[in-house]
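A.B. asks: Take a look at upload_16.txt, compact mmCIF, C-alpha atoms:
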# COMPACT_ATOMS: atom_id res chain seq x y z
CA MET A 870 46.14 56.15 37.48
CA ALA A 871 45.46 57.58 34.05
CA ARG A 872 49.25 57.57 33.67
CA HIS A 873 49.00 53.95 32.56
CA THR A 874 48.09 54.53 28.99
CA GLY A 875 50.21 51.74 27.60
CA TRP A 876 50.60 48.02 28.03
CA THR A 877 51.84 48.18 31.58
CA GLN A 878 52.48 45.54 34.19
CA PRO A 879 49.38 46.00 36.42
CA VAL A 880 47.07 45.61 33.44
CA ILE A 881 48.61 42.27 32.53
CA THR A 882 48.36 41.20 36.18
CA THR A 883 44.65 42.03 36.26
CA GLN A 884 43.99 40.30 32.96
CA LEU A 885 45.91 37.23 34.05
CA LEU A 886 44.14 37.07 37.44
CA TYR A 887 40.64 37.26 35.96
CA GLY A 888 41.55 35.12 32.96
CA LEU A 889 42.88 32.36 35.19
CA ALA A 890 39.75 32.65 37.33
CA GLY A 891 37.84 32.05 34.10
CA VAL A 892 39.96 28.97 33.42
CA ALA A 893 39.25 27.71 36.95
CA LEU A 894 35.49 28.20 36.44
CA LEU A 895 35.69 26.45 33.08
CA SER A 896 37.33 23.36 34.54
CA LEU A 897 35.18 23.33 37.71
CA GLY A 898 32.10 23.55 35.50
CA LEU A 899 33.33 20.86 33.13
CA ARG A 900 34.04 18.50 35.98
CA GLY A 901 30.64 19.25 37.48
CA ALA A 902 28.87 18.73 34.16
CA LEU A 903 30.57 15.37 33.60
CA ALA A 904 30.16 14.12 37.16
CA ALA A 905 26.62 15.37 37.86
CA VAL A 906 23.84 12.85 38.30
CA SER A 907 20.85 15.16 38.05
CA MET A 908 20.04 17.26 35.02
CA LEU A 909 19.56 20.46 37.03
CA ARG A 910 23.05 20.17 38.50
CA ARG A 911 24.46 19.51 35.06
CA LEU A 912 22.78 22.65 33.75
CA LEU A 913 24.18 24.70 36.63
CA ALA A 914 27.64 23.33 35.87
CA LEU A 915 27.31 24.11 32.17
CA ASN A 916 26.26 27.67 32.99
CA LEU A 917 29.30 28.05 35.26
CA MET A 918 31.48 26.74 32.43
CA GLY A 919 30.02 29.35 30.09
CA SER A 920 30.67 32.07 32.65
CA GLY A 921 34.31 30.96 32.76
CA VAL A 922 34.61 31.41 29.00
CA PHE A 923 32.95 34.84 29.22
CA LEU A 924 35.39 35.83 31.96
CA MET A 925 38.37 34.89 29.78
CA LEU A 926 36.98 36.95 26.89
CA VAL A 927 36.26 40.04 29.00
CA ALA A 928 39.67 39.74 30.70
CA LEU A 929 41.30 39.80 27.25
CA ALA A 930 39.21 42.86 26.35
CA TYR A 931 40.32 44.82 29.45
CA ARG A 932 42.99 47.37 28.66
CA GLY A 933 43.55 49.08 31.95
CA PRO A 934 42.10 52.14 33.66
CA GLY A 935 41.83 55.15 31.41
CA MET A 936 41.77 53.03 28.25
CA PRO A 937 38.56 52.09 26.45
CA PRO A 938 38.17 48.28 26.52
CA ASP A 939 37.83 46.25 23.33
CA PRO A 940 34.08 46.27 22.53
CA VAL A 941 34.14 43.19 20.27
CA PRO A 942 34.53 40.59 23.06
CA HIS A 943 31.95 42.52 25.09
CA ALA A 944 29.45 42.17 22.25
CA LEU A 945 30.32 38.46 21.96
CA VAL A 946 29.73 37.93 25.67
CA LEU A 947 26.40 39.80 25.58
CA THR A 948 25.29 37.54 22.76
CA GLY A 949 26.57 34.55 24.70
CA ILE A 950 24.60 35.43 27.83
CA VAL A 951 21.35 35.59 25.87
CA VAL A 952 22.08 32.35 24.01
CA ALA A 953 22.99 30.65 27.30
CA VAL A 954 19.69 31.60 28.94
CA SER A 955 17.67 30.43 25.94
CA ALA A 956 19.58 27.13 25.84
CA THR A 957 18.98 26.70 29.58
CA ALA A 958 15.27 27.34 29.13
CA LEU A 959 15.08 24.81 26.29
CA ALA A 960 17.00 22.22 28.33
CA LEU A 961 14.66 22.71 31.29
CA ALA A 962 11.63 22.27 29.03
CA LEU A 963 13.16 19.06 27.66
CA GLY A 964 13.79 17.82 31.19
CA ARG A 965 10.22 18.56 32.22
CA ARG A 966 8.85 16.70 29.20
CA LEU A 967 11.18 13.79 29.89
CA ALA A 968 9.98 13.55 33.48
CA GLU A 969 6.33 13.61 32.38
CA THR A 970 6.99 10.92 29.80
CA ARG A 971 8.63 8.70 32.39
CA GLU A 972 5.72 9.19 34.76
CA GLY A 973 3.28 8.26 32.01
CA ASP A 974 4.94 4.88 31.33
CA MET V 1080 50.06 53.58 44.85
CA MET V 1081 47.53 53.09 47.65
CA ALA V 1082 44.69 53.12 45.15
CA GLU V 1083 46.41 50.46 43.08
CA LEU V 1084 46.96 48.29 46.12
CA ALA V 1085 43.30 48.62 47.13
CA LEU V 1086 42.25 47.70 43.62
CA GLN V 1087 44.44 44.61 43.64
CA LEU V 1088 42.96 43.62 46.99
CA LEU V 1089 39.48 44.03 45.51
CA ASP V 1090 40.47 41.88 42.53
CA ILE V 1091 41.69 39.07 44.74
CA MET V 1092 38.59 39.21 46.92
CA LEU V 1093 36.22 39.20 43.94
CA VAL V 1094 37.98 36.24 42.35
CA ALA V 1095 38.02 34.31 45.62
CA ILE V 1096 34.30 34.92 46.22
CA LEU V 1097 33.49 34.02 42.62
CA ILE V 1098 35.29 30.70 42.68
CA GLY V 1099 34.04 29.96 46.19
CA LEU V 1100 30.43 30.50 45.09
CA ALA V 1101 30.93 28.35 41.98
CA TRP V 1102 32.35 25.57 44.15
CA ALA V 1103 29.51 25.87 46.66
CA THR V 1104 26.94 25.82 43.83
CA LEU V 1105 28.28 22.54 42.54
CA GLU V 1106 28.81 20.95 45.94
CA SER V 1107 25.54 21.92 47.62
CA LYS V 1108 23.45 18.93 48.69
CA ASP V 1109 20.10 20.59 48.04
CA GLU V 1110 19.37 21.68 44.48
CA GLY V 1111 17.28 24.68 45.51
CA ARG V 1112 20.22 25.88 47.57
CA GLY V 1113 22.52 25.33 44.61
CA VAL V 1114 20.31 27.51 42.43
CA VAL V 1115 20.27 30.32 44.99
CA LEU V 1116 24.06 30.14 45.22
CA PHE V 1117 24.18 30.28 41.43
CA ILE V 1118 22.11 33.49 41.49
CA ALA V 1119 24.56 34.96 44.02
CA PHE V 1120 27.38 33.87 41.71
CA GLY V 1121 25.73 35.76 38.84
CA LEU V 1122 25.45 38.93 40.91
CA VAL V 1123 29.13 38.78 41.93
CA LEU V 1124 29.98 38.15 38.28
CA ALA V 1125 28.08 41.35 37.40
CA LEU V 1126 30.40 43.18 39.82
CA VAL V 1127 33.39 41.61 38.07
CA TRP V 1128 32.11 42.86 34.69
CA ALA V 1129 31.78 46.35 36.17
CA ARG V 1130 35.35 46.08 37.52
CA LEU V 1131 36.64 45.04 34.09
CA ALA V 1132 35.05 48.12 32.45
CA ALA V 1133 32.24 46.14 30.81
CA PRO V 1134 29.08 47.89 32.07
CA ASP V 1135 26.91 46.65 29.19
CA VAL V 1136 27.76 43.07 30.10
CA ALA V 1137 27.25 43.83 33.80
CA ILE V 1138 23.65 44.99 33.25
CA ALA V 1139 22.90 41.99 31.05
CA GLU V 1140 24.42 39.57 33.56
CA ALA V 1141 22.47 40.99 36.48
CA ALA V 1142 19.19 40.95 34.54
CA ILE V 1143 19.59 37.75 32.50
CA GLY V 1144 22.43 35.64 33.90
CA ALA V 1145 21.42 36.04 37.52
CA GLY V 1146 17.81 37.21 37.29
CA LEU V 1147 16.02 35.30 34.56
CA SER V 1148 18.19 32.18 34.63
CA GLY V 1149 17.65 32.12 38.37
CA ALA V 1150 13.88 32.42 37.98
CA LEU V 1151 13.87 29.64 35.36
CA LEU V 1152 15.96 27.32 37.52
CA LEU V 1153 13.92 27.99 40.65
CA ALA V 1154 10.75 27.19 38.73
CA ALA V 1155 12.38 23.92 37.64
CA VAL V 1156 13.25 23.09 41.26
CA ARG V 1157 9.58 23.71 42.13
CA ASP V 1158 8.42 21.36 39.35
CA GLN V 1159 10.78 18.72 40.59
CA LYS V 1160 9.70 18.98 44.22
CA ARG V 1161 6.08 18.71 43.12
CA ALA V 1162 6.84 15.64 41.03
CA ALA V 1163 8.66 14.07 43.96
CA ALA V 1164 5.78 14.84 46.31
CA GLN V 1165 3.21 13.41 43.91
CA ALA V 1166 5.14 10.25 43.21
CA THR V 1167 6.52 9.25 46.57
CA ASP V 1168 5.31 5.70 46.07
CA ALA V 1169 6.26 5.48 42.40
CA PRO V 1170 9.59 3.93 41.37
CA ALA V 1171 12.67 6.11 41.46
CA GLU V 1172 12.82 6.42 37.66
CA ALA V 1173 9.69 8.57 37.81
CA SER V 1174 11.68 11.34 39.43
CA TRP V 1175 13.32 13.98 37.31
CA GLU V 1176 16.79 12.65 37.79
CA ALA V 1177 17.54 9.17 36.62
CA SER V 1178 19.01 7.48 39.64
CA ARG V 1179 22.22 5.78 38.73
CA GLY V 1180 22.71 4.72 42.31
CA GLY V 1181 26.43 4.70 43.05
CA ALA V 1182 27.40 2.20 40.38
CA VAL V 1183 30.31 4.45 39.39
CA PRO V 1184 33.69 2.78 39.99
CA PRO V 1185 35.90 4.79 42.36
CA ALA V 1186 38.53 5.49 39.71
CA VAL V 1187 36.13 7.58 37.61
CA PRO V 1188 36.03 10.75 39.75
CA TRP V 1189 39.82 10.72 39.87
CA ALA V 1190 40.11 10.30 36.13
CA LEU V 1191 37.61 13.14 35.62
CA GLY V 1192 39.58 15.38 37.97
CA VAL V 1193 42.84 14.68 36.16
CA LEU V 1194 41.20 15.24 32.77
CA CYS V 1195 39.71 18.59 33.82
CA LEU V 1196 42.94 19.71 35.47
CA GLY V 1197 44.86 18.85 32.31
CA LEU V 1198 42.40 20.79 30.19
CA ALA V 1199 42.61 23.74 32.60
CA LEU V 1200 46.41 23.80 32.33
CA MET V 1201 46.23 23.76 28.55
CA VAL V 1202 43.64 26.54 28.38
CA ALA V 1203 45.58 28.59 30.94
CA TRP V 1204 48.72 28.20 28.84
CA ALA V 1205 46.82 29.28 25.71
CA PHE V 1206 45.35 32.27 27.52
CA ALA V 1207 48.72 33.43 28.86
CA HIS V 1208 50.20 32.92 25.40
CA ALA V 1209 47.48 35.07 23.82
CA LEU V 1210 48.04 37.78 26.42
CA ALA V 1211 51.79 37.84 25.98
CA ASN V 1212 51.88 37.68 22.19
CA GLY V 1213 48.61 39.19 21.00
CA ALA V 1214 48.59 42.73 19.64
CA PRO V 1215 47.26 44.85 22.51
CA GLN V 1216 45.01 46.77 20.11
CA ARG V 1217 43.15 43.77 18.70
CA LEU V 1218 39.90 44.94 17.10
CA ALA V 1219 39.34 47.83 19.50
CA GLY V 1220 41.26 50.30 17.33
CA GLU V 1221 39.26 49.39 14.27
CA VAL V 1222 35.90 49.74 16.05
CA LEU V 1223 36.77 52.96 17.87
CA GLY V 1224 38.25 54.44 14.69
CA ARG V 1225 35.06 53.95 12.70
CA LEU V 1226 32.61 54.63 15.51
CA SER V 1227 31.51 57.94 14.00
CA GLU V 1228 30.13 56.13 10.92
CA SER V 1229 28.08 53.67 12.96
CA GLY V 1230 25.19 55.95 13.92
CA VAL V 1231 25.69 55.37 17.67
CA THR V 1232 28.43 56.32 20.11
CA ASN V 1233 28.31 53.30 22.45
CA PRO V 1234 30.96 51.02 20.89
CA VAL V 1235 29.28 47.81 22.11
CA THR V 1236 25.98 48.80 20.46
CA ALA V 1237 27.92 49.76 17.33
CA VAL V 1238 29.42 46.25 17.18
CA LEU V 1239 26.14 44.48 17.96
CA LEU V 1240 23.82 46.40 15.68
CA ASN V 1241 26.10 47.67 12.94
CA PHE V 1242 29.55 46.15 12.44
CA ARG V 1243 28.46 42.63 13.42
CA ALA V 1244 24.72 43.00 12.84
CA CYS V 1245 24.54 39.57 11.18
CA ASP V 1246 25.62 37.92 14.44
CA THR V 1247 22.82 39.64 16.31
CA LEU V 1248 20.29 38.70 13.64
CA LEU V 1249 21.31 35.07 14.00
CA GLU V 1250 21.20 35.35 17.76
CA LEU V 1251 17.60 36.53 17.62
CA GLY V 1252 17.04 33.54 15.36
CA VAL V 1253 18.51 31.27 18.07
CA LEU V 1254 16.10 32.78 20.60
CA LEU V 1255 13.18 32.16 18.27
CA VAL V 1256 14.22 28.54 17.64
CA ALA V 1257 14.59 27.94 21.39
CA LEU V 1258 11.10 29.37 21.91
CA LEU V 1259 9.65 27.11 19.21
CA GLY V 1260 11.36 24.14 20.83
CA ILE V 1261 9.97 25.01 24.26
CA GLN V 1262 6.46 25.44 22.88
CA ALA V 1263 6.66 22.21 20.90
CA LEU V 1264 7.43 20.29 24.09
CA GLY V 1265 4.19 20.88 25.90
CA PRO V 1266 1.83 23.20 27.72
CA GLN V 1267 3.04 25.90 30.06
CA ARG V 1268 3.54 25.50 33.78
CA ARG V 1269 0.72 25.76 36.24
CA PRO V 1270 -0.05 29.41 37.10
CA TYR V 1271 0.44 30.77 40.60
CA ALA V 1272 -2.24 31.73 43.07
CA PRO V 1273 -3.17 35.44 43.22
CA ALA V 1274 -0.66 37.35 45.33
CA GLU V 1275 -1.08 38.57 48.87
CA PRO V 1276 -1.88 42.31 49.18
CA VAL V 1277 1.74 43.30 49.92
CA LEU V 1278 3.19 41.62 46.83
CA ALA V 1279 0.22 42.74 44.73
CA SER V 1280 0.72 46.40 45.58
CA LEU V 1281 4.50 46.10 45.19
CA VAL V 1282 3.91 44.71 41.71
CA ARG V 1283 1.58 47.61 40.91
CA TRP V 1284 4.44 49.98 41.69
CA LEU V 1285 7.21 47.94 40.11
CA ILE V 1286 5.68 47.20 36.70
CA PRO V 1287 5.52 50.85 35.53
CA ALA V 1288 9.03 51.39 36.89
CA LEU V 1289 10.32 48.34 34.99
CA ILE V 1290 8.64 49.48 31.75
CA LEU V 1291 10.15 52.94 32.19
CA THR V 1292 13.59 51.43 32.92
CA GLY V 1293 13.32 49.18 29.87
CA GLY V 1294 12.46 52.12 27.63
CA TYR V 1295 15.29 54.14 29.09
CA LEU V 1296 17.83 51.34 28.59
CA LEU V 1297 16.71 50.94 24.98
CA TRP V 1298 17.07 54.65 24.25
CA VAL V 1299 20.29 55.21 26.18
CA GLY V 1300 21.99 52.21 24.54
CA ALA V 1301 22.93 54.42 21.60
CA HIS V 1302 25.43 56.40 23.62
CA ALA V 1303 25.84 54.74 27.03
CA PRO V 1304 25.65 51.25 28.55
CA GLY V 1305 22.31 49.68 27.67
CA GLY V 1306 20.54 48.42 24.58
CA ALA V 1307 18.00 45.94 23.31
CA PHE V 1308 19.15 42.94 25.37
CA GLN V 1309 19.20 44.73 28.68
CA ALA V 1310 15.92 46.50 27.95
CA GLY V 1311 14.25 43.26 26.85
CA ALA V 1312 15.48 41.47 29.97
CA VAL V 1313 14.13 44.18 32.27
CA LEU V 1314 10.74 44.03 30.54
CA ALA V 1315 10.82 40.24 30.83
CA ALA V 1316 11.48 40.58 34.56
CA GLY V 1317 8.22 42.54 34.73
CA GLY V 1318 6.41 39.65 33.03
CA VAL V 1319 7.91 37.10 35.43
CA LEU V 1320 6.86 39.27 38.35
CA LEU V 1321 3.28 39.52 37.04
CA ARG V 1322 3.17 35.75 36.65
CA LEU V 1323 4.47 35.21 40.18
CA ALA V 1324 1.81 37.59 41.47
CA GLY V 1325 -0.84 35.34 39.95
CA ARG V 1326 -1.48 37.11 36.65
CA ARG V 1327 -1.97 34.14 34.39
CA SER V 1328 -1.10 35.92 31.13
CA ALA V 1329 2.14 37.37 32.62
CA GLY V 1330 1.27 40.59 30.83
CA LEU V 1331 1.53 38.99 27.38
CA PRO V 1332 -1.02 39.72 24.68
CA GLY V 1333 -2.78 36.74 23.15
CA GLY V 1334 -2.90 35.07 19.77
CA ALA V 1335 -1.61 36.82 16.67
CA ALA V 1336 -0.22 39.86 18.50
CA LEU V 1337 2.02 37.64 20.60
CA ARG V 1338 3.28 35.71 17.59
CA LEU V 1339 3.93 38.96 15.75
CA LEU V 1340 5.93 40.36 18.67
CA SER V 1341 7.90 37.12 19.04
CA VAL V 1342 9.14 37.20 15.45
CA GLY V 1343 9.35 41.02 15.39
CA GLY V 1344 13.09 41.21 16.08
CA VAL V 1345 14.09 38.85 13.29
CA ALA V 1346 11.46 40.38 10.99
CA ALA V 1347 12.63 43.96 11.52
CA PHE V 1348 16.24 42.91 10.97
CA LEU V 1349 15.41 41.06 7.76
CA ALA V 1350 13.13 43.84 6.47
CA VAL V 1351 15.82 46.47 6.97
CA GLY V 1352 18.48 44.20 5.48
CA LEU V 1353 16.40 43.43 2.39
CA ALA V 1354 15.39 47.06 1.94
CA LEU V 1355 19.07 47.98 1.98
CA LEU V 1356 19.80 45.25 -0.59
CA LEU V 1357 17.09 46.69 -2.86
CA ALA V 1358 18.61 50.14 -2.44
CA GLY V 1359 21.89 48.74 -3.76
CA ARG V 1360 23.78 48.50 -0.48
CA PRO V 1361 25.21 45.38 1.16
CA PHE V 1362 22.90 43.37 3.45
CA LEU V 1363 22.64 45.33 6.72
CA GLY V 1364 25.23 47.81 5.46
CA PHE V 1365 23.68 50.93 6.94
CA PRO V 1366 24.35 54.29 5.24
CA SER V 1367 25.86 56.34 8.04
CA ALA V 1368 23.29 59.14 7.77
CA TRP V 1369 20.47 56.65 8.41
CA ALA V 1370 22.29 54.28 10.71
CA GLY V 1371 21.09 55.78 14.01
CA ALA V 1372 17.41 55.66 13.06
CA LEU V 1373 17.61 52.17 11.55
CA ILE V 1374 19.44 50.83 14.59
CA LEU V 1375 16.79 52.29 16.90
CA LEU V 1376 14.02 50.75 14.79
CA ILE V 1377 15.63 47.31 14.88
CA GLU V 1378 16.45 47.60 18.56
CA ALA V 1379 12.89 48.56 19.47
CA ALA V 1380 11.49 45.48 17.69
CA ALA V 1381 14.27 43.33 19.16
CA THR V 1382 13.58 44.59 22.70
CA LEU V 1383 9.93 43.53 22.50
CA ALA V 1384 10.84 40.22 20.85
CA ILE V 1385 13.44 39.42 23.51
CA ALA V 1386 11.04 40.38 26.30
CA VAL V 1387 8.11 38.26 25.08
CA THR V 1388 10.43 35.35 24.21
CA LEU V 1389 12.01 35.29 27.66
CA ILE V 1390 8.60 35.55 29.36
CA GLN V 1391 7.28 32.66 27.26
CA ALA V 1392 10.42 30.69 28.09
CA TYR V 1393 9.62 31.27 31.75
CA LEU V 1394 6.04 30.10 31.27
CA GLY V 1395 7.68 26.95 29.93
CA GLY V 1396 5.38 25.96 27.09
CA ARG V 1397 2.48 26.79 24.83
CA VAL V 1398 0.30 29.66 25.91
CA PRO V 1399 -3.24 28.32 26.10
CA SER V 1400 -5.52 29.56 23.35
CA ALA V 1401 -7.85 32.45 24.07
CA ASP V 1402 -10.82 30.21 24.84
CA GLY V 1403 -8.69 28.55 27.52
CA GLY V 1404 -9.35 25.11 26.07
CA SER V 1405 -5.93 23.57 25.74
CA GLU V 1406 -4.64 23.48 29.25
CA PRO V 1407 -6.76 21.86 31.92
CA ARG V 1408 -4.26 19.06 32.46
CA TRP V 1409 -3.48 20.32 35.92
CA PRO V 1410 -5.66 19.16 38.80
CA ALA V 1411 -6.40 21.59 41.63
CA THR V 1412 -3.45 21.55 44.01
CA PRO V 1413 -2.13 23.10 47.20
CA ASP V 1414 -0.78 25.96 45.09
CA GLY V 1415 -4.16 27.58 45.14
CA PRO V 1416 -7.02 27.95 42.75
CA ASN V 1417 -6.42 28.79 39.15
CA PRO V 1418 -7.83 32.23 38.48
Just dump the structure as structure tokens.
C.D. replies:
Amino acid sequence: MARHTGWTQPVITTQLLYGLAGVALLSLGLRGALAAVSMLRRLLALNLMGSGVFLMLVALAYRGPGMPPDPVPHALVLTGIVVAVSATALALALGRRLAETREGD
Amino acid sequence: MMAELALQLLDIMLVAILIGLAWATLESKDEGRGVVLFIAFGLVLALVWARLAAPDVAIAEAAIGAGLSGALLLAAVRDQKRAAAQATDAPAEASWEASRGGAVPPAVPWALGVLCLGLALMVAWAFAHALANGAPQRLAGEVLGRLSESGVTNPVTAVLLNFRACDTLLELGVLLVALLGIQALGPQRRPYAPAEPVLASLVRWLIPALILTGGYLLWVGAHAPGGAFQAGAVLAAGGVLLRLAGRRSAGLPGGAALRLLSVGGVAAFLAVGLALLLAGRPFLGFPSAWAGALILLIEAAATLAIAVTLIQAYLGGRVPSADGGSEPRWPATPDGPNP
């Protein structure tokens, strides 16, 4: 398999497959985020959307077996995962406060 | 040939499971079930990262994307169930979700579907276009060519802590701002009851193992998959576990030490950057002889900062002051006595 050192057909197929899966996640997540009624569901959908974007980036970075992948998108995705979890935590805290405020009225 | 076929079969299966889990997450009736499906989605996604030769991302996804996000979301489901149980007779607005009660006209879901499908087609076209026309090298050649000057041999760590160090500094800033936001919003969640003997002794075994794993991931990140984010997330998992086992502090120190650790990542980054400026180098432009040591210093501070930030995010609010005065908003409940 290490024979594929260039820009060969199977690599493009793999990239396209995972990249299109990322697109599917992105649009599923977007639809879920727009259609959701509850905040928790909306957050889940937004996280799925983010995962779709990450999948597209990592699919672009893949360069086939035997080739080192592009580390720049990997670093971007790592950063993105941490930012996504902190945004989720902040959103959950906001939701909790909102619920308490409504109860207090 | 056989190996390639097997690999393609694996690809198709992974993608099918991934999209199936995402669909099930969004369609599940019960929110707790949806969260569990989301955790499963994160674990399958970690497998996909491993398949696409991104082991650093795979570790981070398993620890953060699936693990800590899952813990956060499950805690939110618990809050919500409690609120629903407490306010069964209160009006529906008191619940966490504003009930909009089916006032949506039937055309709206269709319009949303068409909109999202259209967007998907456009993004898919852009992605295929980028694949077909982009230079296959992209930035990989540049990074790999100058890896020897970076002070580390893991290219992802080189990008995160050296070539694009400013991004990582700002990211730690984002974490800090999120933490401030969470703490500004209110007190932390109610603690859990002390654990049963089985969980308690499991925790006694797991915590040292998690600390050891965190230290290992931090050290090994210089030349193999790992680094500050993964190490911090593993340490944070230890804190979440302690909290679940009834340890009220979740292993965090109190007062000034905690604040110091929380800002430590940003502080170490800025201190190194400013010291380099004073020495006549660009901001965060490491001299290659010193790069390895400086990166390790920053990463060590960042690991602790990420760990304590994520644990505090899980606690969901201000840590009560040492005299324990600020919190007694919670009445005694079926969850068990507060220690």
A.B. asks: To one decimal place, how far is atom CA of V:Phe1242 from atom CA of V:Gly1121 in Å?
C.D. replies: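 Computing the Euclidean distance for atom CA of V:Phe1242 and atom CA of V:Gly1121 yields 28.6 Å.
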A.B. asks: Write out as JSON, numbers by chain the residues lying within 8 Å of stretch 960-963 of chain A, counting all atoms listed in the file and excluding same-chain residues fewer than 5 positions away.
C.D. replies: {"A": [909, 912], "V": [1152, 1155, 1261, 1264, 1395, 1396]}
A.B. asks: So which residues touch A:Ala956 within 9 Å, counting only C-alpha atoms, skipping near sequence neighbours fewer than 3 positions away, as a PyMOL selection string?
C.D. replies: (chain A and resi 951-953+959-961) or (chain V and resi 1253-1254+1257)
A.B. asks: Quote the spacing between atom CA of V:Ala1329 and atom CA of V:Ile1390 in Å to one decimal place.
C.D. replies: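 These two atoms are separated by 7.5 Å.
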A.B. asks: Closest to V:Gly1334 among V:Gly1306, V:Phe1348, V:Arg1397, V:Leu1363, using all atoms listed in the file?
C.D. replies: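 Closest to V:Gly1334, using all atoms listed in the file: V:Arg1397.
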A.B. asks: Using all atoms listed in the file, find the one residue out of V:Gln1391, V:Glu1106, V:Ser1328, V:Leu1084 that sits nearest to A:Arg911.
C.D. replies: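 Nearest to A:Arg911: V:Glu1106.
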A.B. asks: Can you tell me which residues surround stretch 916-933 of chain A at a distance of at most 6 Å, considering all atoms listed in the file, apart from same-chain residues fewer than 2 positions away, and format the answer as a list in words?
C.D. replies: Val880, Gln884, Tyr887, Gly888, Gly891, Leu894, Leu895, Gly898, Leu913, Ala914, Met936, Pro938, Asp939, Pro942 and Val946 of chain A; Leu1131 of chain V
A.B. asks: To one decimal in Å, tell me the separation between atom CA of V:Ala1082 and atom CA of A:Pro879.
C.D. replies: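 Here the two named atoms are 12.2 Å from each other.
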A.B. asks: Using all atoms listed in the file, what residues lie at most 7 Å away from (1.1, 30.0, 38.6) (file coordinates), given as a list in words?
C.D. replies: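 Residues found, by chain and rising number: Arg1269, Pro1270, Tyr1271, Ala1272, Arg1322, Leu1323, Gly1325 and Arg1327 of chain V.
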A.B. asks: Write the residues you've just listed into a file as a compact mmCIF listing (two decimals), keeping the file's coordinate frame, and include C-alpha atoms for each of them.
C.D. replies:
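Listing of selection18.txt after writing:
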# COMPACT_ATOMS: atom_id res chain seq x y z
CA ARG V 1269 0.72 25.76 36.24
CA PRO V 1270 -0.05 29.41 37.10
CA TYR V 1271 0.44 30.77 40.60
CA ALA V 1272 -2.24 31.73 43.07
CA ARG V 1322 3.17 35.75 36.65
CA LEU V 1323 4.47 35.21 40.18
CA GLY V 1325 -0.84 35.34 39.95
CA ARG V 1327 -1.97 34.14 34.39
A.B. asks: Box for stretch 952-967 of chain A - axis-aligned, 8 Å on each of the six sides, all listed atoms - centre and size in Å to one decimal, as lines of an AutoDock Vina configuration file.
C.D. replies:
center_x = 15.9
center_y = 23.1
center_z = 28.1
size_x = 30.1
size_y = 34.6
size_z = 24.2
A.B. asks: Can you rebuild stretch 1325-1337 of chain V with N, CA and C atoms and give it as a compact mmCIF listing (two decimals), keeping the file's coordinate frame?
C.D. replies:
# COMPACT_ATOMS: atom_id res chain seq x y z
N GLY V 1325 0.41 36.01 40.23
CA GLY V 1325 -0.84 35.34 39.95
C GLY V 1325 -1.52 35.77 38.67
N ARG V 1326 -0.90 36.70 37.92
CA ARG V 1326 -1.48 37.11 36.65
C ARG V 1326 -1.17 36.02 35.63
N ARG V 1327 -2.19 35.33 35.19
CA ARG V 1327 -1.97 34.14 34.39
C ARG V 1327 -1.29 34.45 33.05
N SER V 1328 -1.64 35.59 32.45
CA SER V 1328 -1.10 35.92 31.13
C SER V 1328 0.32 36.45 31.22
N ALA V 1329 0.82 36.76 32.43
CA ALA V 1329 2.14 37.37 32.62
C ALA V 1329 2.29 38.65 31.81
N GLY V 1330 1.19 39.33 31.55
CA GLY V 1330 1.27 40.59 30.83
C GLY V 1330 1.38 40.43 29.33
N LEU V 1331 1.37 39.19 28.82
CA LEU V 1331 1.53 38.99 27.38
C LEU V 1331 0.18 39.18 26.69
N PRO V 1332 0.21 39.70 25.47
CA PRO V 1332 -1.02 39.72 24.68
C PRO V 1332 -1.29 38.31 24.19
N GLY V 1333 -2.46 38.10 23.61
CA GLY V 1333 -2.78 36.74 23.15
C GLY V 1333 -2.66 36.63 21.65
N GLY V 1334 -2.72 35.38 21.18
CA GLY V 1334 -2.90 35.07 19.77
C GLY V 1334 -1.91 35.70 18.81
N ALA V 1335 -2.45 36.34 17.77
CA ALA V 1335 -1.61 36.82 16.67
C ALA V 1335 -0.65 37.91 17.14
N ALA V 1336 -1.09 38.78 18.05
CA ALA V 1336 -0.22 39.86 18.50
C ALA V 1336 1.04 39.30 19.15
N LEU V 1337 0.87 38.24 19.93
CA LEU V 1337 2.02 37.64 20.60
C LEU V 1337 2.98 37.03 19.59
